[in-house]
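A.B. asks: Compact mmCIF, C-alpha atoms, file my_file.txt:
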```txt
# COMPACT_ATOMS: atom_id res chain seq x y z
CA MET V 1 13.17 10.33 10.06
CA ALA V 2 10.82 8.89 12.62
CA LEU V 3 8.75 5.79 13.15
CA ARG V 4 5.04 6.49 12.96
CA LYS V 5 2.33 4.60 14.78
CA ILE V 6 0.38 2.26 12.50
CA LEU V 7 -3.35 2.63 13.11
CA THR V 8 -5.36 -0.54 13.53
CA GLU V 9 -8.86 -1.64 12.56
CA GLY V 10 -11.47 0.30 14.49
CA ASP V 11 -9.74 3.64 13.98
CA GLU V 12 -12.04 5.94 11.98
CA GLN V 13 -9.10 7.40 10.00
CA LEU V 14 -8.75 4.10 8.13
CA LEU V 15 -12.25 4.45 6.69
CA LYS V 16 -11.83 7.94 5.27
CA HIS V 17 -11.02 8.97 1.71
CA SER V 18 -7.54 10.50 1.29
CA ARG V 19 -6.97 13.83 -0.41
CA LYS V 20 -4.80 14.33 -3.47
CA VAL V 21 -1.30 15.64 -2.81
CA GLU V 22 -0.83 19.05 -4.40
CA LYS V 23 2.25 20.37 -2.58
CA PHE V 24 5.49 18.54 -3.22
CA ASP V 25 7.44 20.10 -0.37
CA ASP V 26 9.56 19.25 2.68
CA ARG V 27 6.46 18.15 4.65
CA LEU V 28 5.67 15.56 1.97
CA HIS V 29 9.30 14.41 1.89
CA THR V 30 9.30 14.01 5.68
CA LEU V 31 6.07 11.98 5.52
CA ILE V 32 7.51 9.71 2.82
CA ASP V 33 10.80 9.27 4.70
CA ASP V 34 8.93 8.45 7.92
CA MET V 35 6.67 5.98 6.07
CA ARG V 36 9.73 4.29 4.54
CA GLU V 37 11.31 3.86 7.96
CA THR V 38 8.03 2.68 9.48
CA LEU V 39 7.56 0.10 6.72
CA GLU V 40 11.15 -1.13 7.04
CA ASN V 41 10.58 -1.70 10.76
CA SER V 42 7.15 -3.32 10.38
CA GLY V 43 7.91 -6.50 8.48
CA GLY V 44 5.24 -5.54 5.94
CA VAL V 45 5.37 -5.07 2.18
CA GLY V 46 3.37 -1.84 1.79
CA LEU V 47 2.11 1.12 3.77
CA ALA V 48 -0.41 3.83 2.89
CA ALA V 49 -0.49 7.26 4.54
CA PRO V 50 -3.94 6.71 6.13
CA GLN V 51 -2.40 3.81 8.07
CA VAL V 52 -0.22 6.35 9.89
CA GLY V 53 -3.09 8.81 10.33
CA ILE V 54 -2.39 11.09 7.35
CA LEU V 55 -5.24 11.41 4.84
CA ARG V 56 -3.08 12.01 1.78
CA ARG V 57 -2.68 9.84 -1.32
CA VAL V 58 0.80 8.51 -0.54
CA VAL V 59 2.05 4.90 -0.55
CA VAL V 60 5.40 3.23 -0.01
CA LEU V 61 5.96 -0.41 -0.90
CA LEU V 62 8.69 -2.95 -1.42
CA ASP V 63 9.14 -4.29 -4.92
CA VAL V 64 10.20 -7.75 -3.82
CA ASN V 65 10.51 -8.85 -7.46
CA LYS V 66 13.63 -6.68 -7.83
CA GLU V 67 17.04 -7.89 -6.74
CA PRO V 68 17.84 -6.33 -4.38
CA GLU V 69 14.36 -5.35 -3.16
CA GLU V 70 13.47 -1.78 -4.08
CA MET V 71 11.42 0.68 -2.01
CA VAL V 72 8.88 2.40 -4.26
CA GLU V 73 7.28 5.76 -3.44
CA LEU V 74 3.88 6.50 -4.97
CA VAL V 75 2.15 9.86 -4.70
CA ASN V 76 -1.40 10.16 -6.05
CA PRO V 77 -1.29 6.57 -7.37
CA GLU V 78 -3.99 4.97 -9.46
CA VAL V 79 -4.16 1.48 -10.88
CA ILE V 80 -4.66 2.04 -14.60
CA GLU V 81 -4.55 -1.51 -15.93
CA GLN V 82 -4.74 -5.03 -14.55
CA LYS V 83 -4.70 -8.54 -16.00
CA GLY V 84 -5.42 -12.01 -14.77
CA SER V 85 -6.60 -12.99 -11.34
CA GLU V 86 -5.55 -15.30 -8.58
CA ARG V 87 -6.70 -16.18 -5.12
CA VAL V 88 -3.97 -15.15 -2.69
CA VAL V 89 -3.42 -14.99 1.04
CA GLU V 90 -3.38 -11.44 2.31
CA GLY V 91 -2.87 -9.66 5.59
CA CYS V 92 -2.54 -6.04 6.64
CA LEU V 93 -0.43 -4.10 9.11
CA SER V 94 -3.63 -2.36 10.23
CA VAL V 95 -5.37 -5.68 10.91
CA PRO V 96 -2.64 -7.58 12.78
CA GLY V 97 -2.90 -11.33 13.03
CA VAL V 98 -5.75 -11.60 10.51
CA TYR V 99 -5.24 -13.34 7.17
CA GLY V 100 -7.58 -14.39 4.43
CA TYR V 101 -7.95 -15.31 0.79
CA VAL V 102 -8.71 -12.48 -1.62
CA THR V 103 -8.76 -12.39 -5.41
CA ARG V 104 -6.23 -10.00 -6.92
CA PRO V 105 -4.84 -9.41 -10.42
CA THR V 106 -1.70 -11.29 -11.39
CA TRP V 107 -0.35 -8.15 -13.14
CA ALA V 108 -1.08 -4.46 -12.69
CA LYS V 109 0.15 -1.11 -13.96
CA ILE V 110 0.08 1.94 -11.74
CA ARG V 111 0.39 5.62 -12.60
CA ALA V 112 1.75 7.89 -9.88
CA GLN V 113 3.93 10.86 -9.08
CA ASP V 114 7.26 10.78 -7.32
CA ARG V 115 8.09 12.95 -4.30
CA PHE V 116 8.91 15.84 -6.65
CA GLY V 117 5.66 15.68 -8.64
CA ASN V 118 6.98 13.89 -11.74
CA TRP V 119 4.52 11.41 -13.25
CA PHE V 120 5.59 7.84 -14.02
CA GLU V 121 4.10 4.42 -14.67
CA ARG V 122 5.23 1.15 -13.16
CA GLU V 123 4.21 -2.46 -13.75
CA GLY V 124 4.19 -5.25 -11.24
CA GLU V 125 3.22 -8.88 -11.07
CA GLY V 126 2.40 -11.27 -8.29
CA ILE V 127 2.74 -9.75 -4.85
CA VAL V 128 3.66 -6.33 -6.31
CA ALA V 129 0.41 -6.18 -8.31
CA GLN V 130 -1.41 -7.33 -5.18
CA CYS V 131 0.26 -4.58 -3.17
CA PHE V 132 -0.59 -1.88 -5.76
CA CYS V 133 -4.26 -2.77 -5.38
CA HIS V 134 -4.23 -3.29 -1.60
CA GLU V 135 -2.50 0.01 -0.86
CA THR V 136 -4.54 2.15 -3.27
CA GLU V 137 -7.70 0.74 -1.64
CA HIS V 138 -6.43 2.12 1.69
CA LEU V 139 -6.41 5.58 0.07
CA ASP V 140 -10.15 5.25 -0.54
CA GLY V 141 -10.91 4.13 3.00
CA HIS V 142 -11.09 0.37 2.39
CA LEU V 143 -9.51 -2.49 4.28
CA PHE V 144 -8.67 -5.87 2.77
CA THR V 145 -11.16 -7.49 5.16
CA GLU V 146 -13.94 -6.19 2.88
CA LYS V 147 -12.61 -8.48 0.14
CA VAL V 148 -11.81 -11.58 2.17
CA GLU V 149 -13.46 -14.67 0.71
CA GLU V 150 -12.28 -17.00 3.46
CA TYR V 151 -10.33 -16.31 6.64
CA ILE V 152 -7.31 -18.42 7.54
CA ASP V 153 -6.21 -19.55 10.97
CA PRO V 154 -2.74 -17.94 11.35
CA GLU V 155 -1.52 -21.05 13.20
CA ASN V 156 -2.08 -23.16 10.08
CA MET V 157 -0.79 -20.65 7.53
CA GLN V 158 1.81 -21.73 5.01
CA GLY V 159 2.46 -18.29 3.56
CA GLY V 160 1.04 -14.83 3.26
CA ASP V 161 2.06 -11.26 3.37
CA GLU V 162 1.16 -8.34 5.51
CA GLU V 163 0.79 -5.19 3.50
```
Can you give me the file's structure in the form of structure tokens?

C.D. replies:
Amino acid sequence: MALRKILTEGDEQLLKHSRKVEKFDDRLHTLIDDMRETLENSGGVGLAAPQVGILRRVVVLLDVNKEPEEMVELVNPEVIEQKGSERVVEGCLSVPGVYGYVTRPTWAKIRAQDRFGNWFEREGEGIVAQCFCHETEHLDGHLFTEKVEEYIDPENMQGGDEE
């Protein structure tokens, strides 16, 4: 496993659409393992492959609603259902030091494949639902800054999560 460099705003890779994963092989497993390690060392909650310069539909995230926290691997994920909405503070590992209010669902269901190609569905609420949406948007070349309704001065922040 290896730490990968997290790209930051201004890098063209972050604005590109990621391709569907079709080969579930050792290269994919290495990417996922590296992304897991990179996320663990970042202090963030989620990481999408484009953030490490790989235009594939792969996401890793922490399900912080589980005890203990669980690392979730999503290949070819899509949000298939969402309910509710709330205005939440959001940040992003690719936009360091920037936080703002965005509106996200309070609950979401995602459909994805695991590292071996098996399909599954997973539900999440709160920050996990937020992360499902935030990370899948990265796969389509979008940053959370496109959704920010109001920016927050990091010095006066009372909470928030980098994804």

A.B. asks: To one decimal place, how far is CA of His142 (chain V) from CA of Asp26 (chain V) in Å?

C.D. replies: 28.0 Å

A.B. asks: Excluding same-chain residues fewer than 5 positions from region 105-117 of chain V, what lies within 7 Å of it counting all atoms listed in the file, as a VMD selection string?

C.D. replies: chain V and resid 24 29 73 to 86 122 to 126 129 to 130

A.B. asks: Please compute the CA of Glu12 (chain V)-CA of Gly53 (chain V) distance, one decimal, in Å.

C.D. replies: 9.5 Å

A.B. asks: Could the residues of region 67-145 of chain V that have an atom at most 6 Å from region 14-21 of chain V be listed as a Markdown table, each with its closest atom pair and the distance in Å to one decimal, counting all atoms listed in the file and ordered by chain and ascending residue number?

C.D. replies:
```
| residue | atom | partner | partner_atom | distance |
| --- | --- | --- | --- | --- |
| V:Asn76 | CA | V:Lys20 | CA | 6.0 |
| V:Leu139 | CA | V:Ser18 | CA | 5.2 |
| V:Asp140 | CA | V:His17 | CA | 4.4 |
| V:Gly141 | CA | V:Leu15 | CA | 3.9 |
```

A.B. asks: For Leu61 (chain V), work out the shell of residues within 8 Å, counting all atoms listed in the file and skipping chain neighbours fewer than 6 positions away, then give it as a PDB file with C-alpha atoms, keeping the file's coordinate frame.

C.D. replies:
```pdb
ATOM      1  CA  LEU V  39       7.560   0.100   6.720  1.00  0.00           C
ATOM      2  CA  VAL V  45       5.370  -5.070   2.180  1.00  0.00           C
ATOM      3  CA  GLY V  46       3.370  -1.840   1.790  1.00  0.00           C
ATOM      4  CA  LEU V  47       2.110   1.120   3.770  1.00  0.00           C
ATOM      5  CA  MET V  71      11.420   0.680  -2.010  1.00  0.00           C
ATOM      6  CA  VAL V  72       8.880   2.400  -4.260  1.00  0.00           C
ATOM      7  CA  GLU V  73       7.280   5.760  -3.440  1.00  0.00           C
ATOM      8  CA  CYS V 131       0.260  -4.580  -3.170  1.00  0.00           C
TER       9      CYS V 131
END
```

A.B. asks: Looking at V:Glu22, V:Glu149, V:Glu70, V:Glu137, which one is nearest to Tyr99 (chain V), with distances taken over only C-alpha atoms?

C.D. replies: V:Glu149

A.B. asks: Between CA of Pro68 (chain V) and CA of Arg27 (chain V), what is the distance in Å, rounded to a tenth?

C.D. replies: 28.5 Å

A.B. asks: I'd like the contact shell of Gly10 (chain V) - 12 Å cut-off, only C-alpha atoms, skipping same-chain residues fewer than 3 positions apart - returned as a PyMOL selection string.

C.D. replies: chain V and resi 7+13-16+51+94-96+143

A.B. asks: Could you work out an axis-aligned box for region 22-33 of chain V, taking every atom the file lists and adding 4 Å on each side, and report centre and edge lengths in Å to one decimal, as JSON?

C.D. replies:
```
{"center_x": 5.0, "center_y": 14.8, "center_z": 0.6, "size_x": 19.6, "size_y": 19.1, "size_z": 18.1}
```

A.B. asks: From the set V:Asn41, V:Phe132, V:Val88, V:Val102, which residue has the shortest atom-to-atom contact distance to Val59 (chain V), counting all atoms listed in the file?

C.D. replies: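 Of all the options, V:Phe132 lies closest to Val59 (chain V).
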
A.B. asks: Between V:Leu28, V:Val52, V:Met35, V:Val64, which one has atoms that come closest to His138 (chain V), using only C-alpha atoms?

C.D. replies: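 Closest candidate: V:Val52.
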
A.B. asks: Calculated over only C-alpha atoms, which of the candidates V:Val128, V:Val60, V:Leu55, V:Met1 has the smallest distance to Thr30 (chain V)?

C.D. replies: V:Met1

A.B. asks: Could you tell me which of V:Ala48, V:Trp119, V:Asn65, V:Tyr101 comes closest to Cys133 (chain V) if we count all atoms listed in the file?

C.D. replies: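 Ranked by minimum distance to Cys133 (chain V), first place goes to V:Ala48.
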